[in-house]
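Below is coords.tsv, holding TSV, C-alpha atoms.
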```
chain	number	residue	atom	x	y	z
D	1	MET	CA	18.07	15.34	4.86
D	2	ARG	CA	14.66	16.99	5.13
D	3	ILE	CA	14.02	19.32	8.05
D	4	HIS	CA	10.52	20.23	9.17
D	5	ALA	CA	9.43	22.05	12.30
D	6	ALA	CA	6.47	23.33	14.27
D	7	GLY	CA	6.20	25.75	17.15
D	8	LEU	CA	3.51	26.92	19.56
D	9	THR	CA	3.35	29.32	22.49
D	10	ASP	CA	0.58	29.90	25.02
D	11	VAL	CA	0.07	32.33	27.88
D	12	GLY	CA	-0.94	29.55	30.28
D	13	LEU	CA	-3.67	29.77	32.91
D	14	GLN	CA	-2.08	31.95	35.59
D	15	ARG	CA	-0.39	34.79	33.67
D	16	ASP	CA	-2.02	37.80	32.04
D	17	HIS	CA	0.49	38.14	29.19
D	18	ASN	CA	2.98	35.97	27.33
D	19	GLU	CA	6.70	36.72	27.67
D	20	ASP	CA	7.85	33.75	25.56
D	21	THR	CA	8.95	33.96	21.93
D	22	PHE	CA	9.95	31.26	19.46
D	23	GLY	CA	11.48	31.26	16.01
D	24	CYS	CA	11.45	28.70	13.22
D	25	LEU	CA	13.92	30.20	10.75
D	26	GLY	CA	13.95	27.49	8.15
D	27	GLU	CA	15.95	29.55	5.68
D	28	TYR	CA	18.92	29.32	8.07
D	29	ASN	CA	18.04	25.93	9.63
D	30	LEU	CA	17.87	27.82	12.93
D	31	TYR	CA	15.22	27.17	15.59
D	32	LEU	CA	14.94	28.87	18.97
D	33	VAL	CA	12.89	29.50	22.11
D	34	ALA	CA	13.29	32.51	24.40
D	35	ASP	CA	11.63	32.96	27.80
D	36	GLY	CA	11.56	36.60	28.90
D	37	MET	CA	11.61	38.01	32.41
D	38	GLY	CA	11.03	41.43	33.91
D	39	GLY	CA	8.14	43.52	35.12
D	40	HIS	CA	5.64	45.59	33.12
D	41	GLN	CA	5.82	43.25	30.12
D	42	SER	CA	9.51	44.02	29.51
D	43	GLY	CA	10.22	40.27	29.47
D	44	GLU	CA	8.18	40.10	26.30
D	45	VAL	CA	10.38	42.86	24.85
D	46	ALA	CA	13.57	40.98	25.76
D	47	SER	CA	12.51	37.63	24.30
D	48	SER	CA	11.26	39.28	21.10
D	49	MET	CA	14.52	41.21	20.81
D	50	ALA	CA	16.51	37.99	21.21
D	51	ALA	CA	14.67	36.23	18.40
D	52	GLU	CA	14.79	39.24	16.06
D	53	SER	CA	18.45	39.98	16.80
D	54	MET	CA	19.47	36.39	16.04
D	55	ARG	CA	17.48	36.40	12.81
D	56	ALA	CA	18.99	39.72	11.74
D	57	PHE	CA	22.50	38.54	12.56
D	58	PHE	CA	22.15	35.41	10.44
D	59	GLU	CA	20.72	37.47	7.60
D	60	ALA	CA	23.58	39.99	7.78
D	61	THR	CA	26.30	37.31	7.90
D	62	GLU	CA	24.82	34.90	5.37
D	63	LYS	CA	27.32	35.82	2.64
D	64	GLU	CA	30.10	37.51	4.56
D	65	ASP	CA	30.66	34.67	7.05
D	66	ALA	CA	31.34	37.32	9.70
D	67	THR	CA	30.98	37.31	13.48
D	68	TRP	CA	31.69	41.04	14.00
D	69	PRO	CA	31.90	42.62	16.54
D	70	PHE	CA	32.96	39.38	18.22
D	71	PRO	CA	36.23	37.65	17.36
D	72	ILE	CA	36.28	34.27	15.66
D	73	ASP	CA	36.93	31.39	18.06
D	74	PRO	CA	39.41	29.14	16.20
D	75	ASN	CA	38.29	26.16	18.28
D	76	LEU	CA	34.77	26.34	16.83
D	77	THR	CA	33.40	25.78	13.35
D	78	LEU	CA	32.11	28.74	11.38
D	79	ALA	CA	28.53	27.66	12.06
D	80	GLU	CA	29.18	27.47	15.81
D	81	ASN	CA	30.83	30.88	15.73
D	82	ARG	CA	27.82	32.40	13.99
D	83	LEU	CA	25.38	30.81	16.43
D	84	ALA	CA	27.30	31.95	19.51
D	85	ALA	CA	27.87	35.43	18.04
D	86	SER	CA	24.16	35.85	17.26
D	87	ILE	CA	23.31	35.18	20.91
D	88	LYS	CA	26.05	37.50	22.15
D	89	MET	CA	24.74	40.23	19.85
D	90	ALA	CA	21.24	39.71	21.23
D	91	ASN	CA	22.60	39.98	24.76
D	92	LYS	CA	24.40	43.23	23.90
D	93	GLN	CA	21.30	44.81	22.39
D	94	ILE	CA	19.02	43.75	25.25
D	95	PHE	CA	21.48	44.99	27.88
D	96	GLU	CA	21.94	48.36	26.17
D	97	ARG	CA	18.18	48.79	25.77
D	98	SER	CA	17.59	47.97	29.42
D	99	ILE	CA	20.00	50.62	30.71
D	100	MET	CA	18.79	53.30	28.29
D	101	ASP	CA	15.04	52.77	28.65
D	102	HIS	CA	13.66	53.05	32.18
D	103	ALA	CA	10.54	51.09	31.19
D	104	THR	CA	12.62	48.01	30.39
D	105	GLN	CA	15.23	48.31	33.12
D	106	GLY	CA	16.27	44.90	34.43
D	107	MET	CA	14.68	42.93	31.61
D	108	GLY	CA	16.25	39.70	30.42
D	109	THR	CA	15.54	36.44	28.67
D	110	THR	CA	16.71	32.89	28.40
D	111	VAL	CA	17.40	31.42	24.98
D	112	VAL	CA	17.95	27.98	23.54
D	113	GLY	CA	18.70	27.42	19.88
D	114	VAL	CA	19.48	24.59	17.48
D	115	LEU	CA	21.37	25.22	14.25
D	116	LEU	CA	21.32	22.26	11.86
D	117	CYS	CA	24.22	21.72	9.48
D	118	VAL	CA	22.94	19.57	6.62
D	119	GLU	CA	26.35	18.96	5.05
D	120	ARG	CA	27.95	17.64	8.23
D	121	LYS	CA	24.77	16.01	9.59
D	122	VAL	CA	25.19	17.65	12.97
D	123	ALA	CA	23.15	19.92	15.20
D	124	TYR	CA	24.76	22.76	17.12
D	125	VAL	CA	22.89	23.45	20.36
D	126	ALA	CA	23.40	26.72	22.21
D	127	HIS	CA	21.71	28.02	25.33
D	128	VAL	CA	21.73	30.59	28.10
D	129	GLY	CA	19.39	30.10	31.06
D	130	ASP	CA	16.96	27.30	31.81
D	131	SER	CA	15.08	26.86	28.54
D	132	ARG	CA	15.91	23.36	27.37
D	133	ALA	CA	16.75	21.28	24.34
D	134	TYR	CA	15.94	17.57	24.18
D	135	ARG	CA	16.53	14.92	21.56
D	136	VAL	CA	14.02	12.13	21.07
D	137	ARG	CA	15.51	9.11	19.29
D	138	ASP	CA	14.70	5.38	19.21
D	139	GLY	CA	12.20	5.57	22.05
D	140	GLN	CA	14.49	7.55	24.35
D	141	ILE	CA	14.70	11.20	25.37
D	142	VAL	CA	17.95	12.95	26.27
D	143	GLN	CA	18.29	16.44	27.73
D	144	LEU	CA	20.99	18.22	25.70
D	145	THR	CA	21.30	21.34	27.86
D	146	ARG	CA	22.12	22.03	31.51
D	147	ASP	CA	19.92	24.55	33.28
D	148	HIS	CA	21.79	27.66	34.39
D	149	SER	CA	19.96	27.70	37.70
D	150	LEU	CA	20.85	28.19	41.35
D	151	VAL	CA	19.98	24.56	42.10
D	152	ASN	CA	22.23	23.21	39.35
D	153	ASP	CA	25.09	25.51	40.30
D	154	TYR	CA	24.95	24.23	43.88
D	155	LEU	CA	24.90	20.64	42.62
D	156	MET	CA	28.01	21.26	40.52
D	157	MET	CA	29.88	22.65	43.51
D	158	MET	CA	28.48	20.18	46.05
D	159	PRO	CA	27.23	17.04	44.26
D	160	ASP	CA	26.71	15.29	47.60
D	161	MET	CA	24.48	18.01	49.04
D	162	PRO	CA	21.78	16.41	51.23
D	163	LYS	CA	18.24	16.47	49.88
D	164	GLU	CA	17.12	18.49	52.90
D	165	ALA	CA	19.50	21.28	51.93
D	166	MET	CA	18.44	21.12	48.29
D	167	ASP	CA	14.78	21.41	49.21
D	168	VAL	CA	15.26	24.85	50.77
D	169	LEU	CA	16.86	26.34	47.64
D	170	PRO	CA	14.52	28.38	45.42
D	171	LYS	CA	13.74	26.37	42.30
D	172	ASN	CA	13.03	29.24	39.92
D	173	VAL	CA	16.23	31.30	40.22
D	174	ILE	CA	18.38	31.33	37.09
D	175	THR	CA	22.02	32.39	37.20
D	176	ARG	CA	22.59	33.24	33.55
D	177	ALA	CA	20.40	35.10	31.07
D	178	LEU	CA	20.61	37.56	28.20
D	179	GLY	CA	20.55	41.18	29.34
D	180	MET	CA	21.97	40.65	32.84
D	181	GLN	CA	25.44	41.95	31.91
D	182	ASP	CA	27.16	43.50	28.89
D	183	SER	CA	28.66	40.12	27.98
D	184	VAL	CA	27.45	36.55	28.30
D	185	VAL	CA	28.89	33.04	28.19
D	186	VAL	CA	27.07	30.81	25.70
D	187	ASP	CA	27.09	27.04	26.24
D	188	LEU	CA	27.56	25.09	23.00
D	189	THR	CA	27.34	21.38	22.24
D	190	THR	CA	27.49	19.39	19.02
D	191	GLU	CA	25.12	16.49	18.42
D	192	ASP	CA	25.04	14.01	15.55
D	193	VAL	CA	21.86	13.95	13.51
D	194	ARG	CA	20.08	10.78	12.35
D	195	GLU	CA	16.98	10.07	10.36
D	196	GLY	CA	13.94	10.15	12.59
D	197	ASP	CA	15.45	12.45	15.22
D	198	ARG	CA	13.19	14.97	16.93
D	199	PHE	CA	14.70	17.98	18.67
D	200	VAL	CA	12.43	19.56	21.27
D	201	LEU	CA	13.09	23.12	22.43
D	202	CYS	CA	10.99	24.48	25.27
D	203	SER	CA	10.61	27.05	27.99
D	204	ASP	CA	10.37	25.92	31.60
D	205	GLY	CA	6.61	26.27	31.30
D	206	LEU	CA	6.78	22.86	29.66
D	207	SER	CA	9.75	21.18	31.36
D	208	GLY	CA	8.57	22.32	34.79
D	209	GLN	CA	5.07	20.88	34.30
D	210	VAL	CA	5.40	17.82	32.06
D	211	ALA	CA	7.81	14.96	32.80
D	212	ASP	CA	10.55	14.21	30.28
D	213	GLU	CA	9.20	10.74	29.64
D	214	ARG	CA	5.76	12.13	28.86
D	215	ILE	CA	7.31	14.59	26.41
D	216	ARG	CA	8.93	11.61	24.67
D	217	GLU	CA	5.64	9.71	24.54
D	218	VAL	CA	3.79	12.64	22.97
D	219	VAL	CA	6.49	13.23	20.36
D	220	ASP	CA	6.73	9.54	19.45
D	221	GLU	CA	2.96	9.09	19.26
D	222	ALA	CA	2.57	12.11	16.96
D	223	GLY	CA	5.03	10.74	14.41
D	224	ASP	CA	5.37	13.21	11.53
D	225	ASP	CA	2.57	15.44	12.81
D	226	LEU	CA	4.75	17.87	14.71
D	227	GLU	CA	1.94	20.43	14.98
D	228	GLN	CA	-0.16	17.89	16.86
D	229	ALA	CA	2.73	17.17	19.23
D	230	THR	CA	3.17	20.86	20.07
D	231	GLU	CA	-0.56	21.25	20.69
D	232	VAL	CA	-0.73	18.21	22.99
D	233	LEU	CA	2.33	19.29	24.98
D	234	VAL	CA	0.99	22.82	25.50
D	235	GLN	CA	-2.38	21.41	26.56
D	236	GLU	CA	-0.75	19.01	29.02
D	237	SER	CA	1.21	21.87	30.57
D	238	ASN	CA	-2.03	23.77	31.08
D	239	ASP	CA	-3.77	20.66	32.38
D	240	ALA	CA	-0.99	20.38	34.99
D	241	GLY	CA	-1.82	23.85	36.28
D	242	GLY	CA	-0.69	26.27	33.58
D	243	ASP	CA	1.40	28.20	36.12
D	244	ASP	CA	3.62	29.78	33.46
D	245	ASN	CA	3.76	30.70	29.80
D	246	VAL	CA	4.57	27.59	27.79
D	247	THR	CA	6.42	27.38	24.49
D	248	VAL	CA	7.62	24.40	22.48
D	249	VAL	CA	9.37	24.00	19.13
D	250	ILE	CA	9.85	20.54	17.61
D	251	VAL	CA	12.29	19.98	14.75
D	252	GLY	CA	12.06	16.73	12.81
D	253	ILE	CA	14.75	15.10	10.66
D	254	ASP	CA	13.71	12.77	7.83
```
Can the structure in the file be given as structure tokens, please?
Amino acid sequence: MRIHAAGLTDVGLQRDHNEDTFGCLGEYNLYLVADGMGGHQSGEVASSMAAESMRAFFEATEKEDATWPFPIDPNLTLAENRLAASIKMANKQIFERSIMDHATQGMGTTVVGVLLCVERKVAYVAHVGDSRAYRVRDGQIVQLTRDHSLVNDYLMMMPDMPKEAMDVLPKNVITRALGMQDSVVVDLTTEDVREGDRFVLCSDGLSGQVADERIREVVDEAGDDLEQATEVLVQESNDAGGDDNVTVVIVGID
């Protein structure tokens, strides 16, 4: 199984700085997108800390197979434990920085990551917040994550909520992010991997501007040219208004 990836981030047309960060850590088969939040550019600090903390955690545990300081979850594989622990470590570091440094007080970030296990031919998908993971396969696109947002939380509690009530809820409020508390719940799913699969990770600067079906079309049309696909998707987000920073990572399986 050959894994190749491309990533791109852009400030958009309405913001004066970019608070998104992405990582293509091919040495660990780990790929991620983080979308920071907070005033005075502290969102940029949080998203960068998330990516660096996850990279450092994987580097430190490469040979020891450790998840310290977090206990091993016996219900998860070692790879899942490492992925979840890396995100929890990032949360801990961001939270501690935010309460110690007045300039970054209240900062936070979303994160979505895919860890590919070549031996088992599976992908472990983890996320906190509303950055998304999709899989494009056989002409179809499937969202692999559930946004941790106020709208989605209401829908889970009241699936029959009238549209009129839904329309008054703020659309951009997230209910879970790194740095909000000293601990965080990480959502994990396991997906099978097949030849030709494309995993798309993105901030809401893409998913909020470009329809899922259009994302699929761009990825399918680009074929093996993942760099082209990221460039087209970023451009289409900006063409739709560019209201937010936009970041996309595409991971291809061949």
With 5 Å added on each side, what axis-aligned box encloses every listed atom of range 98-112 of chain D? Give the centre and edge lengths in Å to one decimal, as AutoDock Vina command-line options.
```
--center_x 15.3 --center_y 40.6 --center_z 29.0 --size_x 19.5 --size_y 35.3 --size_z 20.9
```
Q. Between D:Asp10, D:Glu64, D:Asp16, D:Asp197, which is the closest to Asp35 in chain D once you count all atoms listed in the file?
A. D:Asp10
Q: Determine the nearest neighbour of Val246 in chain D from the options D:Ala126, D:Leu150, D:Leu206, D:Ala79, counting all atoms listed in the file.
A: D:Leu206
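Minimum atom-to-atom distance to Thr67 in chain D, evaluated using only C-alpha atoms, belongs to D:Ile87 out of D:Ala103, D:Ala50, D:Ala133, D:Ile87.
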Q) With only C-alpha atoms as the atoms that count, which of D:Gly205, D:Gly241, D:Gly252, D:Gly26 lies nearest to Val219 in chain D? A) D:Gly252
**Q.** D:Gly12, D:Gly242, D:Gly108, D:Gly196 ranked by distance to Asp224 in chain D, top pick (using all atoms listed in the file)
**A.** D:Gly196
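Among the candidates D:Gln14, D:Ser47, D:Thr21, D:Thr230, the residue lying nearest to Gly179 in chain D is D:Ser47 (atoms considered: only C-alpha atoms).
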Q | Surrounding residues of Val186 in chain D excluding itself and chain neighbours under 6 positions, 7 Å, all atoms listed in the file, as number ranges by chain | A | D: 84, 126-128
**Q.** Distance query Thr110 in chain D at most 10 Å, all atoms listed in the file, self and fewer than 5 positions along chain excluded, as a VMD selection string
**A.** chain D and resid 20 33 to 37 43 46 to 47 50 91 127 to 132 148 174 176 to 179 203 to 204
Q) What does the distance from CA of Cys24 in chain D to CA of Phe70 in chain D come to in Å, to one decimal? A) 24.5 Å
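Interatomic distance, CA of Val249 in chain D against CA of Leu32 in chain D: 7.4 Å.
A straight line drawn from CA of Pro71 in chain D to CA of Arg97 in chain D is 22.8 Å long.
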Q. Which polymer residues have any atom within 9 Å of an atom of Leu144 in chain D, counting only C-alpha atoms, with same-chain residues fewer than 4 positions away left out, as an NGL selection string?
A. :D and (125 or 132-135 or 189 or 191)
Q) Any idea what's packed within 10 Å of Met180 in chain D, counting all atoms listed in the file, ignoring anything in its chain fewer than 4 positions away? Could you give it as a VMD selection string? A) chain D and resid 91 to 92 94 to 95 98 106 to 109 175 to 176 184
